[in-house]
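Data block for start_2.cif (mmCIF, C-alpha atoms):
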```cif
data_input
loop_
_atom_site.group_PDB
_atom_site.id
_atom_site.type_symbol
_atom_site.label_atom_id
_atom_site.label_comp_id
_atom_site.auth_asym_id
_atom_site.auth_seq_id
_atom_site.Cartn_x
_atom_site.Cartn_y
_atom_site.Cartn_z
ATOM 1 C CA MET A 174 -43.527 18.697 -78.303
ATOM 2 C CA PRO A 175 -43.584 21.911 -76.235
ATOM 3 C CA SER A 176 -40.928 24.445 -77.055
ATOM 4 C CA ARG A 177 -38.191 25.106 -74.539
ATOM 5 C CA PRO A 178 -37.609 28.582 -73.185
ATOM 6 C CA LYS A 179 -34.666 30.406 -74.746
ATOM 7 C CA SER A 180 -32.539 29.973 -71.625
ATOM 8 C CA ALA A 181 -32.794 26.190 -72.003
ATOM 9 C CA ASN A 182 -30.863 26.452 -75.272
ATOM 10 C CA ILE A 183 -27.794 27.951 -73.666
ATOM 11 C CA GLY A 184 -24.881 25.625 -74.271
ATOM 12 C CA MET A 185 -26.604 23.942 -77.231
ATOM 13 C CA ALA A 186 -25.614 24.150 -80.872
ATOM 14 C CA ALA A 187 -28.499 25.986 -82.558
ATOM 15 C CA GLU A 188 -28.504 23.996 -85.785
ATOM 16 C CA THR A 189 -28.215 20.488 -84.323
ATOM 17 C CA GLY A 190 -29.363 20.739 -80.723
ATOM 18 C CA GLU A 191 -26.155 18.973 -79.624
ATOM 19 C CA ARG A 192 -24.448 20.062 -76.450
ATOM 20 C CA ILE A 193 -21.436 22.262 -77.085
ATOM 21 C CA THR A 194 -18.333 20.674 -75.580
ATOM 22 C CA MET A 195 -16.693 22.903 -73.018
ATOM 23 C CA ALA A 196 -13.232 22.559 -71.528
ATOM 24 C CA ASP A 197 -12.823 19.571 -69.252
ATOM 25 C CA ALA A 198 -11.813 19.867 -65.613
ATOM 26 C CA ASN A 199 -8.113 19.203 -66.207
ATOM 27 C CA SER A 200 -7.785 21.869 -68.892
ATOM 28 C CA GLN A 201 -9.609 24.369 -66.654
ATOM 29 C CA ALA A 202 -7.210 23.508 -63.806
ATOM 30 C CA LEU A 203 -4.247 24.100 -66.128
ATOM 31 C CA ASP A 204 -5.730 27.435 -67.224
ATOM 32 C CA PHE A 205 -6.095 28.399 -63.553
ATOM 33 C CA GLU A 206 -2.483 27.412 -62.861
ATOM 34 C CA ARG A 207 -1.292 29.579 -65.772
ATOM 35 C CA ALA A 208 -3.282 32.525 -64.395
ATOM 36 C CA LEU A 209 -1.804 32.013 -60.919
ATOM 37 C CA GLU A 210 1.710 31.919 -62.389
ATOM 38 C CA ALA A 211 1.006 35.094 -64.384
ATOM 39 C CA HIS A 212 0.044 36.812 -61.111
ATOM 40 C CA GLY A 213 3.111 35.457 -59.299
ATOM 41 C CA LEU A 214 1.072 33.283 -56.931
ATOM 42 C CA LYS A 215 2.477 30.004 -55.631
ATOM 43 C CA PHE A 216 0.220 26.958 -55.608
ATOM 44 C CA ASP A 217 0.208 23.185 -55.252
ATOM 45 C CA ARG A 218 -1.426 20.845 -57.740
ATOM 46 C CA ILE A 219 -2.717 18.057 -55.535
ATOM 47 C CA ASP A 220 -2.524 14.591 -57.050
ATOM 48 C CA VAL A 221 -5.932 12.958 -56.968
ATOM 49 C CA ALA A 222 -7.106 9.486 -57.915
ATOM 50 C CA GLU A 223 -8.175 8.821 -61.497
ATOM 51 C CA GLY A 224 -11.683 10.187 -61.986
ATOM 52 C CA ASP A 225 -11.550 12.536 -58.972
ATOM 53 C CA LYS A 226 -11.968 16.278 -59.284
ATOM 54 C CA PRO A 227 -8.726 18.144 -60.049
ATOM 55 C CA LEU A 228 -7.523 20.128 -57.043
ATOM 56 C CA VAL A 229 -5.282 23.188 -56.783
ATOM 57 C CA ALA A 230 -4.373 24.651 -53.367
ATOM 58 C CA LEU A 231 -2.871 27.974 -52.276
ATOM 59 C CA ASN A 232 -1.626 29.259 -48.920
ATOM 60 C CA PHE A 233 -2.436 32.730 -47.639
ATOM 61 C CA GLY A 234 -1.437 34.674 -44.542
ATOM 62 C CA GLY A 235 -3.558 37.505 -43.219
ATOM 63 C CA GLY A 236 -2.574 41.060 -42.455
ATOM 64 C CA ASP A 237 -1.708 42.523 -39.060
ATOM 65 C CA PHE A 238 -4.017 41.282 -36.303
ATOM 66 C CA SER A 239 -5.574 38.733 -38.638
ATOM 67 C CA TYR A 240 -5.296 35.032 -39.356
ATOM 68 C CA ASN A 241 -1.840 33.471 -39.571
ATOM 69 C CA HIS A 242 -2.525 30.960 -42.309
ATOM 70 C CA VAL A 243 -5.378 29.614 -44.386
ATOM 71 C CA ARG A 244 -5.176 27.103 -47.214
ATOM 72 C CA ILE A 245 -7.606 27.685 -50.058
ATOM 73 C CA HIS A 246 -8.558 24.659 -52.160
ATOM 74 C CA VAL A 247 -10.058 24.940 -55.635
ATOM 75 C CA PHE A 248 -11.933 21.839 -56.832
ATOM 76 C CA PHE A 249 -12.876 21.625 -60.513
ATOM 77 C CA ASP A 250 -16.128 19.883 -61.418
ATOM 78 C CA MET A 251 -15.538 17.136 -63.951
ATOM 79 C CA ASP A 252 -17.565 18.871 -66.666
ATOM 80 C CA GLY A 253 -15.110 21.791 -66.577
ATOM 81 C CA GLU A 254 -17.960 24.287 -66.272
ATOM 82 C CA SER A 255 -17.766 25.080 -62.563
ATOM 83 C CA ALA A 256 -15.418 25.077 -59.602
ATOM 84 C CA GLN A 257 -15.660 25.243 -55.830
ATOM 85 C CA VAL A 258 -13.374 27.264 -53.545
ATOM 86 C CA VAL A 259 -13.127 25.863 -49.992
ATOM 87 C CA THR A 260 -10.807 26.933 -47.180
ATOM 88 C CA SER A 261 -9.078 24.983 -44.488
ATOM 89 C CA PRO A 262 -10.471 25.743 -41.020
ATOM 90 C CA ILE A 263 -10.232 29.460 -40.305
ATOM 91 C CA VAL A 264 -11.173 29.153 -36.626
ATOM 92 C CA SER A 265 -11.865 26.124 -34.435
ATOM 93 C CA VAL A 266 -15.023 27.073 -32.580
ATOM 94 C CA PRO A 267 -15.356 25.952 -28.947
ATOM 95 C CA ALA A 268 -18.737 24.279 -28.422
ATOM 96 C CA ASP A 269 -19.794 26.859 -25.834
ATOM 97 C CA LYS A 270 -19.075 29.694 -28.306
ATOM 98 C CA THR A 271 -20.992 28.267 -31.276
ATOM 99 C CA ALA A 272 -24.005 30.577 -30.864
ATOM 100 C CA ALA A 273 -21.839 33.706 -30.649
ATOM 101 C CA VAL A 274 -19.753 32.672 -33.662
ATOM 102 C CA LEU A 275 -22.906 31.884 -35.653
ATOM 103 C CA LEU A 276 -24.030 35.482 -35.114
ATOM 104 C CA ALA A 277 -20.666 36.682 -36.458
ATOM 105 C CA VAL A 278 -20.982 34.240 -39.382
ATOM 106 C CA ASN A 279 -24.460 35.559 -40.171
ATOM 107 C CA SER A 280 -23.175 39.119 -40.091
ATOM 108 C CA ALA A 281 -20.272 38.242 -42.411
ATOM 109 C CA ASN A 282 -22.599 36.440 -44.816
ATOM 110 C CA THR A 283 -24.830 39.509 -45.066
ATOM 111 C CA ARG A 284 -21.879 41.900 -45.523
ATOM 112 C CA PHE A 285 -20.058 39.962 -48.236
ATOM 113 C CA ARG A 286 -21.640 38.325 -51.262
ATOM 114 C CA TRP A 287 -18.604 36.584 -52.768
ATOM 115 C CA VAL A 288 -17.909 34.119 -49.968
ATOM 116 C CA LYS A 289 -20.167 32.069 -47.707
ATOM 117 C CA PHE A 290 -19.059 31.162 -44.169
ATOM 118 C CA TYR A 291 -20.331 28.217 -42.140
ATOM 119 C CA ILE A 292 -19.428 26.019 -39.180
ATOM 120 C CA ASP A 293 -18.834 22.418 -40.259
ATOM 121 C CA ASP A 294 -19.498 19.145 -38.404
ATOM 122 C CA ASP A 295 -16.123 19.426 -36.606
ATOM 123 C CA ASN A 296 -17.057 22.911 -35.323
ATOM 124 C CA ASP A 297 -14.509 24.521 -37.640
ATOM 125 C CA LEU A 298 -15.298 27.779 -39.410
ATOM 126 C CA ILE A 299 -14.971 27.367 -43.191
ATOM 127 C CA ALA A 300 -15.389 29.742 -46.125
ATOM 128 C CA GLU A 301 -16.499 28.606 -49.554
ATOM 129 C CA ALA A 302 -17.575 29.979 -52.904
ATOM 130 C CA ASP A 303 -18.748 28.556 -56.218
ATOM 131 C CA ALA A 304 -18.004 29.791 -59.715
ATOM 132 C CA ILE A 305 -19.313 29.048 -63.173
ATOM 133 C CA ILE A 306 -16.295 29.075 -65.467
ATOM 134 C CA SER A 307 -15.654 28.874 -69.179
ATOM 135 C CA GLU A 308 -12.803 29.170 -71.611
ATOM 136 C CA PRO A 309 -10.812 31.327 -71.913
ATOM 137 C CA THR A 310 -11.577 33.302 -68.742
ATOM 138 C CA GLY A 311 -11.902 30.535 -66.125
ATOM 139 C CA GLY A 312 -8.368 30.907 -64.815
ATOM 140 C CA GLU A 313 -8.652 34.663 -64.345
ATOM 141 C CA VAL A 314 -12.115 34.388 -62.776
ATOM 142 C CA LEU A 315 -10.882 31.851 -60.222
ATOM 143 C CA THR A 316 -7.715 33.824 -59.493
ATOM 144 C CA GLU A 317 -9.898 36.835 -58.689
ATOM 145 C CA LEU A 318 -12.272 34.728 -56.557
ATOM 146 C CA VAL A 319 -9.415 33.195 -54.563
ATOM 147 C CA GLY A 320 -7.982 36.670 -53.927
ATOM 148 C CA ARG A 321 -11.364 37.987 -52.836
ATOM 149 C CA THR A 322 -11.809 34.995 -50.539
ATOM 150 C CA ALA A 323 -8.482 35.673 -48.791
ATOM 151 C CA SER A 324 -9.252 39.399 -48.543
ATOM 152 C CA ILE A 325 -12.737 38.867 -47.106
ATOM 153 C CA ILE A 326 -11.396 36.415 -44.518
ATOM 154 C CA ASP A 327 -8.863 39.075 -43.537
ATOM 155 C CA ASP A 328 -11.689 41.624 -43.212
ATOM 156 C CA VAL A 329 -13.880 39.491 -40.912
ATOM 157 C CA TYR A 330 -11.342 37.460 -38.945
ATOM 158 C CA ALA A 331 -11.314 39.896 -36.018
ATOM 159 C CA ASP A 332 -15.117 39.618 -35.751
ATOM 160 C CA PHE A 333 -14.873 35.834 -35.524
ATOM 161 C CA MET A 334 -12.141 35.999 -32.891
ATOM 162 C CA ARG A 335 -14.108 38.525 -30.807
ATOM 163 C CA ALA A 336 -17.003 36.044 -30.808
ATOM 164 C CA VAL A 337 -14.702 33.201 -29.719
ATOM 165 C CA TRP A 338 -13.026 35.179 -26.931
ATOM 166 C CA ALA A 339 -16.076 37.114 -25.674
#
```
As structure tokens, please, write out the structure in this file.
Amino acid sequence: MPSRPKSANIGMAAETGERITMADANSQALDFERALEAHGLKFDRIDVAEGDKPLVALNFGGGDFSYNHVRIHVFFDMDGESAQVVTSPIVSVPADKTAAVLLAVNSANTRFRWVKFYIDDDNDLIAEADAIISEPTGGEVLTELVGRTASIIDDVYADFMRAVWA
């Protein structure tokens, strides 16, 4: 049997080859909630159906001359090892302005590495990010990522609106 590269052993118990059990999605969501509370941030734990990904949502308002409101959702993958940050629509893009907004989206995506912007099937501008998380730092990592997401949206919102209104 060919040997596996060292990186393939990450997450495996060296002596037995068994997968090391990481925190599950619900415990990672609880850790995130504790981190949010420690930072004084308000959030909603969204009830989901049995077997669905745990979901925590936060509301943010932008600074002067920026967005009024964006809701940031954090979905926890069931294995508890990763999470996805997805915003509510930041801007509804008129069909005739899609090309101009895509140029602004491309510019934002090259300026900022933490968040990816895209226009969805409803022509809404969305931001998203992914994170690999582990105990005991998952809550703090996601709290930082959510804050960066809100801050980056605040930084580029005017660019998106200029593209819409040009």
Exercise. Name the residues that the PyMOL selection byres ((chain A and resi 271-273) around 12) picks from the file above, as a count of residues only, using the file's chain letters and numbers.
Key: 30
Exercise. Pick out the residues sitting within 6 Å of region 310-326 of chain A, and hand them over as a list in words; count all atoms listed in the file, and ignore anything fewer than 3 positions along from it in its own chain.
Key: Asp204, Phe205, Ala208, Ile306, Ser307, Val329 and Tyr330 of chain A
Practice problem: Could you give me, as a ChimeraX atom specification, the residues that have an atom at most 10 Å away from the point (-0.5, 15.8, -54.3) in the coordinates of the file, using all atoms listed in the file? | Solution: /A:217-222,228-230
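Counting all atoms listed in the file and comparing A:Val247, A:Tyr240, A:Phe233, A:Gln257, the residue that lies closest to Glu206 (chain A) is A:Val247.
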Practice problem: Step by step, work through what the PyMOL selection byres ((chain A and resi 305) around 6) selects in the shown file, and finish by giving those residues as an MDAnalysis selection string. | Solution: chainID A and resid 254:255 304 306
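Between CA of Asn232 (chain A) and CA of Val258 (chain A) lies a distance of 12.8 Å.
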I need every residue sitting at most 6 Å from the point (-6.6, 29.1, -49.7) (coordinates as in the file, all atoms listed in the file considered), written as an mmCIF file with C-alpha atoms, in the coordinates of the input.
```
data_model
loop_
_atom_site.group_PDB
_atom_site.id
_atom_site.type_symbol
_atom_site.label_atom_id
_atom_site.label_comp_id
_atom_site.auth_asym_id
_atom_site.auth_seq_id
_atom_site.Cartn_x
_atom_site.Cartn_y
_atom_site.Cartn_z
ATOM 1 C CA LEU A 231 -2.871 27.974 -52.276
ATOM 2 C CA ASN A 232 -1.626 29.259 -48.920
ATOM 3 C CA PHE A 233 -2.436 32.730 -47.639
ATOM 4 C CA VAL A 243 -5.378 29.614 -44.386
ATOM 5 C CA ARG A 244 -5.176 27.103 -47.214
ATOM 6 C CA ILE A 245 -7.606 27.685 -50.058
ATOM 7 C CA HIS A 246 -8.558 24.659 -52.160
ATOM 8 C CA THR A 260 -10.807 26.933 -47.180
#
```
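Rounded to one decimal, CA of Ala302 (chain A) and CA of Ala256 (chain A) lie 8.6 Å from each other.
Counting from CA of Val288 (chain A), the distance to CA of Asp303 (chain A) is 8.4 Å.
The residue that comes closest to Ala202 (chain A), out of A:Gly234, A:Pro227, A:Pro309, A:Thr283 and on the basis of all atoms listed in the file, is A:Pro227.
Minimum atom-to-atom distance to Arg284 (chain A), evaluated using all atoms listed in the file, belongs to A:Asp328 out of A:Glu210, A:Asp197, A:Phe216, A:Asp328.
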If I wrap all listed atoms of region 272-285 of chain A in a box with edges along x, y and z and add 6 Å on each side, what are its centre and edge lengths in Å to one decimal, as AutoDock Vina command-line options?
```
--center_x -22.3 --center_y 36.2 --center_z -39.4 --size_x 17.1 --size_y 23.3 --size_z 29.6
```
Quiz item: Between A:Gly235, A:Trp287, A:Glu223, A:Gly213, which is the closest to Met251 (chain A) once you count all atoms listed in the file?
Solution: A:Glu223
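Remark: for Gln201 (chain A), the closest of the candidate residues A:Ala331, A:Phe249, A:Glu301, A:Ser261 is A:Phe249 (distances computed over all atoms listed in the file).
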